[in-house]
Every structure is written in structure tokens, then in C-alpha cells.
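Structure file structure35.cif; described as mmCIF, C-alpha atoms.
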data_structure
loop_
_atom_site.label_atom_id
_atom_site.label_comp_id
_atom_site.auth_asym_id
_atom_site.auth_seq_id
_atom_site.Cartn_x
_atom_site.Cartn_y
_atom_site.Cartn_z
CA MET A 64 1.36 14.95 30.34
CA LYS A 65 -2.15 16.42 30.65
CA CYS A 66 -5.12 15.44 28.45
CA SER A 67 -4.98 18.82 26.66
CA GLU A 68 -1.28 18.28 25.83
CA PHE A 69 -2.11 14.79 24.62
CA LEU A 70 -4.80 16.20 22.36
CA ALA A 71 -2.54 18.91 20.94
CA LEU A 72 -0.14 16.22 19.70
CA LEU A 73 -2.76 13.65 18.71
CA ASP A 74 -2.33 14.26 14.97
CA ASP A 75 1.44 13.88 15.21
CA LEU A 76 0.93 10.56 16.98
CA ILE A 77 -1.57 9.35 14.37
CA ASP A 78 0.69 10.53 11.55
CA ASP A 79 3.68 8.91 13.27
CA SER A 80 5.78 12.06 13.38
CA LEU A 81 6.64 12.16 17.10
CA THR A 82 10.13 11.92 18.52
CA PRO A 83 10.75 8.74 20.57
CA GLU A 84 10.85 10.82 23.79
CA VAL A 85 7.45 12.45 23.22
CA ARG A 86 6.03 9.12 22.10
CA ALA A 87 7.15 7.57 25.40
CA ASP A 88 5.35 10.38 27.31
CA PHE A 89 2.26 9.68 25.25
CA GLU A 90 2.33 6.01 25.98
CA GLN A 91 2.76 6.65 29.65
CA HIS A 92 -0.25 9.00 29.64
CA LEU A 93 -2.32 6.44 27.74
CA ARG A 94 -1.65 3.72 30.30
CA GLY A 95 -3.36 5.81 32.99
CA CYS A 96 -6.09 7.59 30.98
CA SER A 97 -8.90 5.59 29.44
CA HIS A 98 -10.49 8.83 28.13
CA CYS A 99 -7.51 9.58 25.88
CA GLU A 100 -7.19 5.93 24.90
CA VAL A 101 -10.80 6.00 23.61
CA ILE A 102 -10.16 9.27 21.76
CA LEU A 103 -7.02 7.92 20.12
CA ASN A 104 -8.56 4.61 19.04
CA THR A 105 -11.83 6.04 17.78
CA THR A 106 -10.09 8.89 15.92
CA LYS A 107 -7.83 6.36 14.19
CA LYS A 108 -10.91 4.29 13.34
CA THR A 109 -12.68 7.40 11.95
CA ILE A 110 -9.82 8.01 9.52
CA GLU A 111 -9.62 4.35 8.56
CA ILE A 112 -13.37 4.14 7.84
CA TYR A 113 -13.31 7.20 5.60
CA ARG A 114 -10.21 5.93 3.82
CA SER A 115 -11.59 2.47 3.14
CA HIS A 116 -15.19 3.25 2.11
CA GLU A 117 -16.14 4.82 -1.17
CA ILE A 118 -18.93 7.26 -0.34
CA TYR A 119 -19.04 9.03 -3.70
CA ASP A 120 -18.89 6.32 -6.29
CA LEU A 121 -18.19 7.13 -9.92
CA PRO A 122 -20.15 4.45 -11.83
CA ASN A 123 -18.38 3.02 -14.89
CA GLY A 124 -20.98 4.29 -17.37
CA LEU A 125 -20.70 7.86 -16.13
CA ARG A 126 -16.93 7.58 -15.92
CA GLU A 127 -16.65 6.51 -19.54
CA ARG A 128 -19.02 9.25 -20.69
CA LEU A 129 -17.08 11.97 -18.87
CA HIS A 130 -13.81 10.51 -20.03
CA ALA A 131 -14.92 10.48 -23.67
CA ALA A 132 -16.10 14.11 -23.40
CA ILE A 133 -12.77 15.25 -21.93
CA MET A 134 -10.67 13.42 -24.50
CA ALA A 135 -12.81 14.58 -27.44
CA ARG A 136 -12.22 18.20 -26.44
CA CYS A 137 -8.52 17.67 -25.77
CA LYS A 138 -8.10 16.20 -29.23
CA LYS A 139 -9.73 19.30 -30.69
CA GLY A 140 -7.30 21.43 -28.71
CA CYS A 141 -9.95 22.18 -26.00
CA MET B 217 10.04 18.08 -26.02
CA ALA B 218 9.99 19.94 -22.73
CA ILE B 219 12.06 18.49 -19.94
CA ILE B 220 10.59 18.57 -16.46
CA GLN B 221 12.93 18.50 -13.51
CA PRO B 222 12.23 15.75 -10.99
CA ILE B 223 10.89 16.89 -7.63
CA ALA B 224 13.77 17.94 -5.38
CA GLY B 225 14.82 15.31 -2.88
CA GLU B 226 13.34 12.37 -4.77
CA LEU B 227 15.74 9.86 -6.25
CA GLU B 228 13.39 8.56 -8.93
CA PRO B 229 11.26 10.98 -10.93
CA HIS B 230 7.53 10.47 -10.36
CA PRO B 231 6.01 8.40 -13.23
CA ASP B 232 3.72 11.34 -14.06
CA VAL B 233 6.75 13.41 -15.09
CA ALA B 234 7.26 11.28 -18.20
CA LEU B 235 3.51 11.28 -19.00
CA VAL B 236 3.32 15.08 -18.72
CA ALA B 237 6.38 15.40 -20.98
CA ARG B 238 4.69 13.16 -23.57
CA VAL B 239 1.51 15.27 -23.47
CA ARG B 240 3.57 18.42 -23.95
CA GLY B 241 5.16 16.75 -26.92
CA GLY B 242 1.72 16.30 -28.50
CA ASP B 243 0.86 12.75 -27.38
CA VAL B 244 -2.81 13.02 -26.35
CA SER B 245 -2.95 9.33 -25.40
CA ALA B 246 -0.59 10.08 -22.49
CA TYR B 247 -3.21 12.52 -21.19
CA ASP B 248 -5.78 9.75 -21.48
CA THR B 249 -3.60 7.75 -19.05
CA LEU B 250 -3.41 10.68 -16.61
CA VAL B 251 -7.19 11.22 -16.71
CA ARG B 252 -7.84 7.54 -16.00
CA LYS B 253 -5.33 7.58 -13.18
CA TYR B 254 -6.91 10.48 -11.29
CA ASP B 255 -10.54 10.83 -12.41
CA ARG B 256 -12.04 9.04 -9.41
CA GLN B 257 -10.09 11.16 -6.94
CA ILE B 258 -10.98 14.41 -8.71
CA PHE B 259 -14.65 13.43 -8.86
CA ARG B 260 -14.64 12.58 -5.13
CA ILE B 261 -12.99 15.86 -4.17
CA ALA B 262 -15.49 17.80 -6.30
CA GLN B 263 -18.40 15.93 -4.69
CA HIS B 264 -17.08 16.63 -1.21
CA ILE B 265 -16.83 20.36 -1.91
CA THR B 266 -19.91 20.97 -4.05
CA GLN B 267 -22.06 18.25 -2.44
CA ASN B 268 -23.87 17.99 -5.73
CA ARG B 269 -23.43 15.26 -8.31
CA GLU B 270 -24.05 17.36 -11.42
CA ASP B 271 -21.63 20.01 -10.23
CA ALA B 272 -19.05 17.33 -9.52
CA GLU B 273 -19.41 15.99 -13.07
CA ASP B 274 -18.92 19.48 -14.49
CA VAL B 275 -15.98 20.19 -12.19
CA MET B 276 -14.28 16.95 -13.17
CA GLN B 277 -14.53 17.77 -16.87
CA ASP B 278 -13.55 21.41 -16.43
CA ALA B 279 -10.59 20.58 -14.18
CA PHE B 280 -9.10 18.09 -16.63
CA LEU B 281 -9.68 20.41 -19.59
CA LYS B 282 -8.16 23.36 -17.77
CA ALA B 283 -5.15 21.28 -16.73
CA TYR B 284 -4.67 20.22 -20.34
CA GLU B 285 -4.89 23.80 -21.58
CA LYS B 286 -2.52 25.12 -18.92
CA LEU B 287 -0.03 22.27 -18.97
CA ASP B 288 2.66 24.67 -20.20
CA GLN B 289 2.26 26.59 -16.94
CA PHE B 290 2.86 23.47 -14.84
CA GLN B 291 6.34 24.01 -13.43
CA GLY B 292 7.07 20.49 -12.31
CA ASN B 293 8.19 21.67 -8.86
CA SER B 294 5.06 20.10 -7.41
CA LYS B 295 3.47 16.79 -8.37
CA PHE B 296 1.09 16.81 -11.32
CA TYR B 297 -1.61 15.33 -9.04
CA THR B 298 -1.26 18.13 -6.46
CA TRP B 299 -1.43 20.73 -9.22
CA LEU B 300 -4.54 19.02 -10.66
CA VAL B 301 -6.20 18.89 -7.23
CA ARG B 302 -5.59 22.60 -6.82
CA ILE B 303 -7.37 23.27 -10.11
CA ALA B 304 -10.26 21.00 -9.08
CA VAL B 305 -10.62 22.70 -5.67
CA ASN B 306 -10.73 26.13 -7.34
CA GLU B 307 -13.24 24.95 -9.94
CA SER B 308 -15.41 23.46 -7.19
CA LEU B 309 -15.37 26.69 -5.18
CA MET B 310 -16.24 28.69 -8.31
CA ARG B 311 -19.15 26.34 -8.95
CA LEU B 312 -20.40 26.91 -5.39
CA ARG B 313 -20.15 30.67 -5.84
CA LYS B 314 -22.29 30.48 -8.97
CA ARG B 315 -24.85 28.43 -7.09
CA ARG B 316 -25.00 30.83 -4.18
CA THR B 317 -25.08 34.00 -6.24
CA GLY B 318 -23.69 37.01 -4.47
CA LYS B 319 -22.39 35.06 -1.52
CA MET B 320 -18.64 34.62 -1.25
CA VAL B 321 -17.53 31.08 -0.77
CA SER B 322 -14.10 30.26 0.47
CA ILE B 323 -12.40 27.57 2.46
CA ASP B 324 -12.39 29.99 5.40
CA GLU B 325 -16.14 29.78 5.66
CA GLU B 326 -17.75 28.78 8.95
CA ILE B 327 -14.53 28.19 10.82
CA GLU B 328 -14.85 28.32 14.56
CA THR B 329 -11.70 28.16 16.60
CA ASP B 330 -12.18 26.24 19.79
CA GLU B 331 -8.55 25.21 19.89
CA GLY B 332 -7.56 22.80 22.58
CA SER B 333 -10.98 21.81 23.89
CA VAL B 334 -11.13 18.24 25.08
CA PRO B 335 -13.87 16.15 23.41
CA ARG B 336 -16.91 15.56 25.57
CA ASP B 337 -17.96 12.20 24.27
CA LEU B 338 -16.22 9.39 26.08
CA ALA B 339 -18.23 6.45 24.77
CA ASP B 340 -16.03 3.76 23.32
CA TRP B 341 -17.01 2.18 20.02
CA ALA B 342 -18.05 -1.37 19.37
CA PRO B 343 -15.34 -3.49 17.74
CA ASP B 344 -15.68 -3.19 13.93
CA PRO B 345 -18.71 -0.91 14.38
CA GLU B 346 -19.28 -0.56 10.64
CA GLN B 347 -20.38 -4.20 10.53
CA ASN B 348 -23.67 -3.23 12.21
CA TYR B 349 -24.71 -1.50 8.98
CA ASN B 350 -24.98 -2.63 5.38
CA GLN B 351 -22.88 -0.88 2.72
CA ALA B 352 -25.62 1.55 1.67
CA GLU B 353 -26.50 2.49 5.26
CA LEU B 354 -22.84 2.97 6.12
CA ALA B 355 -22.19 5.13 3.06
CA GLU B 356 -25.19 7.28 4.00
CA ILE B 357 -23.94 7.69 7.58
CA LEU B 358 -20.46 8.64 6.37
CA ARG B 359 -21.84 11.10 3.80
CA LYS B 360 -24.22 12.77 6.25
CA THR B 361 -21.53 13.02 8.90
CA ILE B 362 -18.85 14.58 6.71
CA GLN B 363 -21.35 16.92 5.03
CA GLY B 364 -22.07 18.39 8.47
CA LEU B 365 -18.50 19.57 8.91
CA PRO B 366 -17.64 23.21 8.17
CA GLN B 367 -16.31 23.42 4.62
CA GLY B 368 -12.82 24.55 5.64
CA PHE B 369 -12.42 21.48 7.85
CA ARG B 370 -13.99 19.11 5.36
CA ILE B 371 -11.65 20.00 2.50
CA VAL B 372 -8.56 19.61 4.68
CA PHE B 373 -9.74 16.22 5.99
CA VAL B 374 -10.57 14.97 2.48
CA LEU B 375 -7.23 16.02 0.99
CA ARG B 376 -5.09 14.84 3.90
CA ASP B 377 -6.85 11.74 5.16
CA VAL B 378 -8.96 10.48 2.26
CA GLU B 379 -6.83 11.41 -0.75
CA GLY B 380 -3.48 11.06 1.02
CA LEU B 381 -1.86 14.44 0.31
CA SER B 382 0.88 15.45 2.75
CA THR B 383 0.39 18.39 5.13
CA GLU B 384 2.69 20.48 2.92
CA GLU B 385 0.83 19.54 -0.28
CA THR B 386 -2.53 20.29 1.36
CA ALA B 387 -1.23 23.69 2.51
CA GLU B 388 0.06 24.47 -0.98
CA THR B 389 -3.14 23.30 -2.66
CA LEU B 390 -5.42 25.36 -0.42
CA ASN B 391 -3.09 28.35 -0.01
CA LEU B 392 -3.04 27.83 3.73
CA SER B 393 -0.17 27.85 6.21
CA ILE B 394 1.03 24.51 7.58
CA PRO B 395 -0.16 25.37 11.13
CA ALA B 396 -3.60 26.23 9.69
CA VAL B 397 -3.78 22.85 7.93
CA LYS B 398 -2.72 21.03 11.10
CA SER B 399 -5.22 22.89 13.25
CA ARG B 400 -8.10 22.26 10.84
CA LEU B 401 -7.17 18.62 10.43
CA LEU B 402 -7.26 18.03 14.19
CA ARG B 403 -10.63 19.76 14.54
CA ALA B 404 -12.01 17.86 11.54
CA ARG B 405 -10.85 14.49 12.83
CA LEU B 406 -12.25 15.15 16.32
CA GLN B 407 -15.59 16.48 15.07
CA LEU B 408 -16.05 13.52 12.73
CA ARG B 409 -15.14 11.14 15.53
CA GLU B 410 -17.67 12.73 17.84
CA ARG B 411 -20.42 12.70 15.22
CA LEU B 412 -19.75 9.09 14.25
CA SER B 413 -19.94 8.08 17.92
CA ARG B 414 -23.72 8.45 17.70
CA TYR B 415 -23.78 5.48 15.36
CA PHE B 416 -20.80 3.45 16.44
CA HIS B 417 -20.80 3.59 20.24
CA ARG B 418 -20.73 0.35 22.16
CA LYS B 419 -24.25 -0.66 23.15
CA ARG B 420 -24.92 -0.55 26.87
CA GLY B 421 -24.47 -3.97 28.46
CA SER B 422 -22.59 -5.28 25.42
CA GLU B 423 -19.13 -6.48 26.31
CA LYS B 424 -18.36 -7.72 22.83
#
Do you think you could lay out the structure here as C-alpha cells?
Amino acid sequence: MKCSEFLALLDDLIDDSLTPEVRADFEQHLRGCSHCEVILNTTKKTIEIYRSHEIYDLPNGLRERLHAAIMARCKKGC
Amino acid sequence: MAIIQPIAGELEPHPDVALVARVRGGDVSAYDTLVRKYDRQIFRIAQHITQNREDAEDVMQDAFLKAYEKLDQFQGNSKFYTWLVRIAVNESLMRLRKRRTGKMVSIDEEIETDEGSVPRDLADWAPDPEQNYNQAELAEILRKTIQGLPQGFRIVFVLRDVEGLSTEETAETLNLSIPAVKSRLLRARLQLRERLSRYFHRKRGSEK
């Protein structure tokens, strides 16, 4: 497997949708290619960081205000 | 009361199915539950697209009101959440169009296709690199980095990786083909990774 082939299937590896055979090819490539190992690990970390950190917080006060406005209009039939 | 068919292939109907049926039957409090369940996600998605807090507030209200008004048109062959996200994405894009009068805004904007190029940056990251920054600094880095992505990549990344929609749901929500979603997701992930490397790379001489 070449680096470009590795990259083309990177998302399927991250999303765990590879067949066992292709996964084995991947793992073999990874053992000999530190470049692709760094790309795989740091791409996984990128996703994890964005998933686990709230970058657009909805403060409770604002949330309640918006919520009250929505429900008031729904009750009136919008 | 309207009966909504469960999503094909699922053994148990999604809990939203019963809530939607209650709303259709006139129970507004069931809609209250749905709003509380999804308001943070809808607000986040609107912020990511409009990149403006006031617009995101308006989009959140408009999306929930529109969903309420159009609930009769909800077929139940997709999840309520996916349907709601689609409304919120469209409202967000409309808001952007108003802001940039005369300029068309779509999720196809600013898409370059450099399919298959191997990332240049080889620097490995420090272990737990986010620990080198406090919460506010980290949030700022993450915001700045994702805001720099082309819009068409950013929306796909947010829906797939942040909000947890499947590839198929993302494609349906954005009216894109599945290969288009996959291609944009890969480019988005790699571009974010490369941009974050500026902040998170392992310091020279540091073995830790």
C-alpha cells in the first residue's frame, strides 16, 4: 500500500468501516511508515478535540430566553 | 392522532417518534421537550455556518418555529433531528445571503479539489497537546481554526464529526451525494489537522 492509497481510505479507517483484509494492509503500511502514523493519530486527535470541547457555548440565561420566545409563539400557533 | 412509521431497519422506534406524534395531537409540552433536547446542537450548527452570534440566535428561533409549523410535512422516514438540522442549515444559509446582499451563498462555495494530495506537515503532536492551553485559549484556537475552513468543508465536518450525523444523513441534509460528503470530510479533517499542528506540534527537543 502506498501513502496515497492509505490517505484515500483514512476516513474509512477512522470510521471503522474497513474490511478485515484492507485493515490488515493498513496496519502493515503503518508499521513501516511513520509519516502515515502521525497523520492517522493527529487526525483522530483533531476529531476528538472538536467533539469534546464546546466552542460555541449557549449560556443558560440566553437559552432560557430563546426557549421562552419559541414556546410563546408555538402556543399562539406561531 | 397521526401515526408515524418507525425508521426502516430499526427494531425500536426512535423516542422522538412518540414526541412528534404528541405534538401533532396538540400537546405543546412535547415540543418543549424536543426544543430542550436539540437547542444546543441547533445553536452550534447555526454559529458554525453564520459565524455570528446574533444570527445564530435568530436561526435557532426560526428553525424551531418553522419545524413546528411544518410538522405535518415531516414524513417520519428520516429522524426528526436530521429533518430539524436540515431546516437550521437552510435558515443559516438564508441568513448569510441576507448579510451578503446580492452574493449567492451555498455550501459549494470556495471548494477546491486537490483530491489525493498527501499532507505536507509531518510534525507529530505533543501528548495531550490541549493541556498546554487554558480553556479560553483552546476554544479560541479551535474557533479560529475551523472558521478558516471553506464553508462547504466546515458544514460537513460539523455535521459528521461534531454533531454525529451519519454520512447518509449528512448527504441527505445538505443535498449532496455520499461521495461528495466523504470527499469533503476527508479534506476538512486533513486541513483542520494541518492547521492545528501549528499549535499542537511537539516542541523541538521535547521527548515528553
d(CA of Ser67 in chain A, CA of Asp79 in chain A) in Å | 18.8 Å
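Taking CA of Ser308 in chain B and CA of Phe373 in chain B as endpoints, the distance between them is 16.1 Å.
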Near-range 98-102 of chain A list (9 Å; all atoms listed in the file; drop same-chain fewer than 4 positions) as number ranges by chain | A: 66, 69-70, 92-94, 106-107; B: 335, 337-341, 406, 409
Show me which bits of chain B are within 9 Å of chain A, counting only C-alpha atoms, as a ChimeraX atom specification.
-> /B:244-245,247-248,251-252,255-256,259-260,263-264,269,273-274,276-278,280-282,284-285,331-335,337-341,344,346,351,354-356,358-359,373-374,377-380,398,401-402,405-406,408-410,412-413
Separating CA of Arg313 in chain B from CA of Ser393 in chain B, to the nearest tenth of an Å, is a gap of 23.5 Å
Show which residues sit within 9 Å of Arg86 in chain A, as a compact mmCIF listing (two decimals) with C-alpha atoms, in the frame of the given file. Count only C-alpha atoms, and ignore same-chain residues fewer than 5 positions away.
# COMPACT_ATOMS: atom_id res chain seq x y z
CA LEU A 76 0.93 10.56 16.98
CA LEU A 81 6.64 12.16 17.10
CA GLN A 91 2.76 6.65 29.65
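This file gives the following result for the PyMOL selection byres ((chain B and resi 385) around 9): B:Ser294, B:Lys295, B:Thr298, B:Leu375, B:Arg376, B:Leu381, B:Ser382, B:Thr383, B:Glu384, B:Thr386, B:Ala387, B:Glu388, B:Thr389, B:Leu390.
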